[in-house]
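What follows is the content of upload.txt (compact mmCIF, C-alpha atoms and all ligand atoms).
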```
# COMPACT_ATOMS: atom_id res chain seq x y z
CA MET A 56 -67.97 41.13 56.77
CA SER A 57 -68.97 44.80 57.15
CA THR A 58 -71.88 45.66 59.40
CA TYR A 59 -71.90 49.43 59.08
CA SER A 60 -71.24 51.99 56.40
CA LEU A 61 -70.77 55.71 56.87
CA TRP A 62 -72.85 58.01 54.65
CA MET A 63 -71.69 61.66 54.44
CA MET A 64 -74.87 63.67 54.18
CA SER A 65 -73.29 67.13 53.90
CA SER A 66 -71.52 68.15 50.71
CA GLU A 67 -69.76 71.07 52.41
CA ASP A 68 -68.57 69.36 55.59
CA ASP A 69 -65.19 70.90 56.53
CA GLY A 70 -64.69 68.55 59.44
CA ASP A 71 -66.16 70.85 62.09
CA ASP A 72 -68.53 69.11 64.47
CA ASP A 73 -71.21 71.80 63.97
CA THR A 74 -71.99 70.90 60.34
CA ASP A 75 -71.30 67.15 60.47
CA THR A 76 -74.48 65.38 59.38
CA SER A 77 -72.95 61.93 58.97
CA VAL A 78 -75.28 59.05 59.79
CA VAL A 79 -74.45 55.44 60.52
CA VAL A 80 -76.53 53.05 58.42
CA LYS A 81 -76.80 49.31 58.91
CA THR A 82 -76.00 47.14 55.90
CA ARG A 83 -76.74 43.46 55.47
CA PRO A 84 -73.69 41.23 55.82
CA LYS A 85 -74.31 39.03 52.75
CA THR A 86 -73.17 35.59 53.82
CA LYS A 87 -74.44 33.11 51.21
CA ARG A 88 -75.26 29.63 52.47
CA PRO A 89 -73.45 26.91 50.52
CA PRO A 90 -75.64 25.05 48.01
CA LEU A 91 -77.06 21.66 49.03
CA TYR A 92 -77.04 18.46 47.00
CA LYS A 93 -79.52 15.57 46.92
CA VAL A 94 -78.03 12.09 46.89
CA LEU A 95 -80.17 9.76 44.77
CA LEU A 96 -80.32 5.99 44.70
CA LEU A 97 -81.45 4.36 41.43
CA ASN A 98 -83.32 1.10 40.94
CA ASP A 99 -81.99 -1.80 38.90
CA ASP A 100 -83.12 -5.38 38.34
CA TYR A 101 -80.15 -7.19 39.88
CA THR A 102 -78.94 -5.63 43.14
CA PRO A 103 -80.42 -7.65 46.03
CA MET A 104 -82.90 -5.80 48.23
CA GLU A 105 -80.97 -6.69 51.37
CA PHE A 106 -77.78 -5.19 49.90
CA VAL A 107 -79.55 -1.87 49.31
CA VAL A 108 -80.91 -1.96 52.85
CA ALA A 109 -77.37 -2.54 54.14
CA VAL A 110 -76.10 0.42 52.07
CA LEU A 111 -78.72 2.74 53.53
CA GLU A 112 -77.91 1.60 57.08
CA ARG A 113 -74.14 1.78 56.62
CA PHE A 114 -73.72 5.06 54.71
CA PHE A 115 -76.87 7.03 55.52
CA GLY A 116 -77.37 6.20 59.20
CA MET A 117 -80.85 4.74 58.75
CA ASN A 118 -82.28 2.08 61.05
CA HIS A 119 -83.48 -1.17 59.45
CA ALA A 120 -87.13 -0.12 59.14
CA GLN A 121 -86.27 3.26 57.53
CA ALA A 122 -83.77 1.61 55.20
CA PHE A 123 -86.27 -1.04 54.12
CA GLU A 124 -88.91 1.61 53.44
CA ILE A 125 -86.60 3.75 51.29
CA MET A 126 -85.31 0.66 49.45
CA LEU A 127 -88.94 -0.26 48.59
CA THR A 128 -89.59 3.30 47.36
CA VAL A 129 -86.61 3.06 45.00
CA HIS A 130 -87.71 -0.44 43.91
CA LYS A 131 -91.24 0.77 43.07
CA LYS A 132 -90.60 4.32 41.80
CA GLY A 133 -87.18 3.91 40.23
CA VAL A 134 -85.39 6.56 42.30
CA ALA A 135 -85.44 8.22 45.72
CA VAL A 136 -83.56 10.94 47.58
CA VAL A 137 -81.64 9.25 50.38
CA GLY A 138 -80.06 12.38 51.85
CA VAL A 139 -79.23 16.07 51.37
CA PHE A 140 -75.68 17.28 52.03
CA SER A 141 -72.99 19.82 51.23
CA HIS A 142 -71.18 19.20 47.91
CA GLU A 143 -68.20 17.54 49.61
CA ILE A 144 -70.24 15.22 51.83
CA ALA A 145 -72.60 14.28 48.96
CA GLU A 146 -69.60 13.44 46.77
CA THR A 147 -68.14 11.26 49.52
CA LYS A 148 -71.45 9.38 49.98
CA VAL A 149 -71.73 8.72 46.23
CA THR A 150 -68.14 7.45 46.08
CA GLN A 151 -68.62 5.23 49.15
CA VAL A 152 -71.81 3.66 47.75
CA MET A 153 -70.38 3.16 44.24
CA ASP A 154 -67.17 1.59 45.61
CA PHE A 155 -69.11 -0.69 47.96
CA ALA A 156 -71.45 -1.81 45.15
CA ARG A 157 -68.54 -2.43 42.75
CA ARG A 158 -66.64 -4.43 45.38
CA HIS A 159 -69.70 -6.69 45.71
CA GLN A 160 -70.25 -6.79 41.94
CA HIS A 161 -73.71 -5.21 42.09
CA PRO A 162 -74.82 -2.68 39.45
CA LEU A 163 -76.33 -0.30 42.03
CA GLN A 164 -76.14 3.35 40.93
CA CYS A 165 -75.91 6.39 43.19
CA THR A 166 -75.77 9.99 41.97
CA MET A 167 -76.05 13.54 43.25
CA GLU A 168 -77.79 16.67 41.98
CA LYS A 169 -77.99 20.27 43.12
CA GLU A 170 -81.15 20.88 45.18
N1 LIG B 201 -85.01 -3.91 42.14
C1 LIG B 201 -84.10 -4.69 42.96
C2 LIG B 201 -84.60 -6.10 43.08
O1 LIG B 201 -85.74 -6.37 42.77
C3 LIG B 201 -83.97 -4.08 44.36
C4 LIG B 201 -83.35 -2.71 44.36
C5 LIG B 201 -83.89 -1.70 45.16
C6 LIG B 201 -82.23 -2.41 43.60
C7 LIG B 201 -83.34 -0.43 45.21
C8 LIG B 201 -81.66 -1.15 43.62
O2 LIG B 201 -81.63 1.08 44.48
C9 LIG B 201 -82.21 -0.16 44.43
N2 LIG B 201 -83.73 -7.00 43.55
```
Encoded form using structure tokens:
Amino acid sequence: MSTYSLWMMSSEDDGDDDTDTSVVVKTRPKTKRPPLYKVLLLNDDYTPMEFVVAVLERFFGMNHAQAFEIMLTVHKKGVAVVGVFSHEIAETKVTQVMDFARRHQHPLQCTMEKE
């Protein structure tokens, strides 16, 4: 919030202008950026590839080619980061994916972790 602080340089300043050695010093306004969270998609043996592609298109705004590529990465490596968001948005994405998977009776898992 504060941009400036006032440092009194004279120990015997009686308020007269002639001895006032005050100096204005800049301080850093320490505004911390909120932490970011990775949303991870996990591989399993049962969820159809096309369902995962649809999830990535629907909830992560990927086009079909991007979605297919990320799906294949998860399939081969076991896990991939599918997005990085604020805590609230990441939580929403995880909930949306888990609800969608459950509704379609697929065991797809989606989690989040602090970056
Ligand atoms: N391994 C699944 C299959 O062979 C496909 C799959 C990919 C599942 C990515 C989950 O997050 C996943 N049908």
Adding 5 Å on each side of the box along x, y and z that holds all listed atoms of ligand LIG 201 (chain B), could you give its centre and edge lengths in Å to one decimal, as AutoDock Vina command-line options?
```
--center_x -83.7 --center_y -3.0 --center_z 43.7 --size_x 14.1 --size_y 18.1 --size_z 13.1
```
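Picture a line from atom C1 of ligand LIG 201 (chain B) to atom CA of A:Thr128; it runs 10.6 Å.
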Sorted per-residue table, chain A near ligand LIG 201 (chain B), closest atoms and distance, 8 Å, all atoms listed in the file, as JSON lines:
```
{"residue": "A:Leu96", "atom": "CA", "partner": "B:LIG201", "partner_atom": "O2", "distance": 5.1}
{"residue": "A:Leu97", "atom": "CA", "partner": "B:LIG201", "partner_atom": "O2", "distance": 4.5}
{"residue": "A:Asn98", "atom": "CA", "partner": "B:LIG201", "partner_atom": "C9", "distance": 3.9}
{"residue": "A:Asp99", "atom": "CA", "partner": "B:LIG201", "partner_atom": "C6", "distance": 4.7}
{"residue": "A:Asp100", "atom": "CA", "partner": "B:LIG201", "partner_atom": "N1", "distance": 4.5}
{"residue": "A:Tyr101", "atom": "CA", "partner": "B:LIG201", "partner_atom": "N2", "distance": 5.1}
{"residue": "A:Thr102", "atom": "CA", "partner": "B:LIG201", "partner_atom": "C6", "distance": 4.6}
{"residue": "A:Pro103", "atom": "CA", "partner": "B:LIG201", "partner_atom": "N2", "distance": 4.2}
{"residue": "A:Met104", "atom": "CA", "partner": "B:LIG201", "partner_atom": "C3", "distance": 4.4}
{"residue": "A:Val107", "atom": "CA", "partner": "B:LIG201", "partner_atom": "C7", "distance": 5.8}
{"residue": "A:Met126", "atom": "CA", "partner": "B:LIG201", "partner_atom": "C7", "distance": 4.8}
{"residue": "A:Leu127", "atom": "CA", "partner": "B:LIG201", "partner_atom": "C5", "distance": 6.3}
{"residue": "A:Thr128", "atom": "CA", "partner": "B:LIG201", "partner_atom": "C7", "distance": 7.6}
{"residue": "A:Val129", "atom": "CA", "partner": "B:LIG201", "partner_atom": "C7", "distance": 4.8}
{"residue": "A:His130", "atom": "CA", "partner": "B:LIG201", "partner_atom": "C5", "distance": 4.2}
{"residue": "A:Lys131", "atom": "CA", "partner": "B:LIG201", "partner_atom": "N1", "distance": 7.8}
{"residue": "A:Gly133", "atom": "CA", "partner": "B:LIG201", "partner_atom": "O2", "distance": 7.5}
{"residue": "A:Val134", "atom": "CA", "partner": "B:LIG201", "partner_atom": "O2", "distance": 7.0}
{"residue": "A:Leu163", "atom": "CA", "partner": "B:LIG201", "partner_atom": "C8", "distance": 5.6}
{"residue": "A:Gln164", "atom": "CA", "partner": "B:LIG201", "partner_atom": "O2", "distance": 6.9}
{"residue": "A:Cys165", "atom": "CA", "partner": "B:LIG201", "partner_atom": "O2", "distance": 7.9}
```
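In this structure, atom CA of A:Ser141 sits 15.2 Å away from atom CA of A:Phe114.
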Find the distance between atom CA of A:Met167 and atom CA of A:Lys85 and write it in Å to one decimal.
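Taking atom CA of A:Met167 as the start and atom CA of A:Lys85 as the end point, the length is 27.3 Å.
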Of the candidates A:Lys87, A:His119, A:Lys132, A:Lys93, which one gets nearest to A:Thr166 if we count all atoms listed in the file?
A:Lys93
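Comparing the minimum interatomic distances between A:Val152 and each of A:Glu105, A:Val110, A:Tyr92, A:Pro84, counting only C-alpha atoms, we find that A:Val110 sits nearest.
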Show which residues sit within 9 Å of A:Lys148, as a list of chain:residue names. Count all atoms listed in the file, and ignore same-chain residues fewer than 3 positions away.
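Here the qualifying residues turn out to be A:Val94, A:Phe114, A:Phe115, A:Glu143, A:Ile144, A:Ala145, A:Gln151, A:Val152, A:Met153, A:Cys165.
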Between A:Glu168, A:Pro162, A:Asn118, A:Glu124, single out the one closest to A:Phe140, counting all atoms listed in the file.
A:Glu168
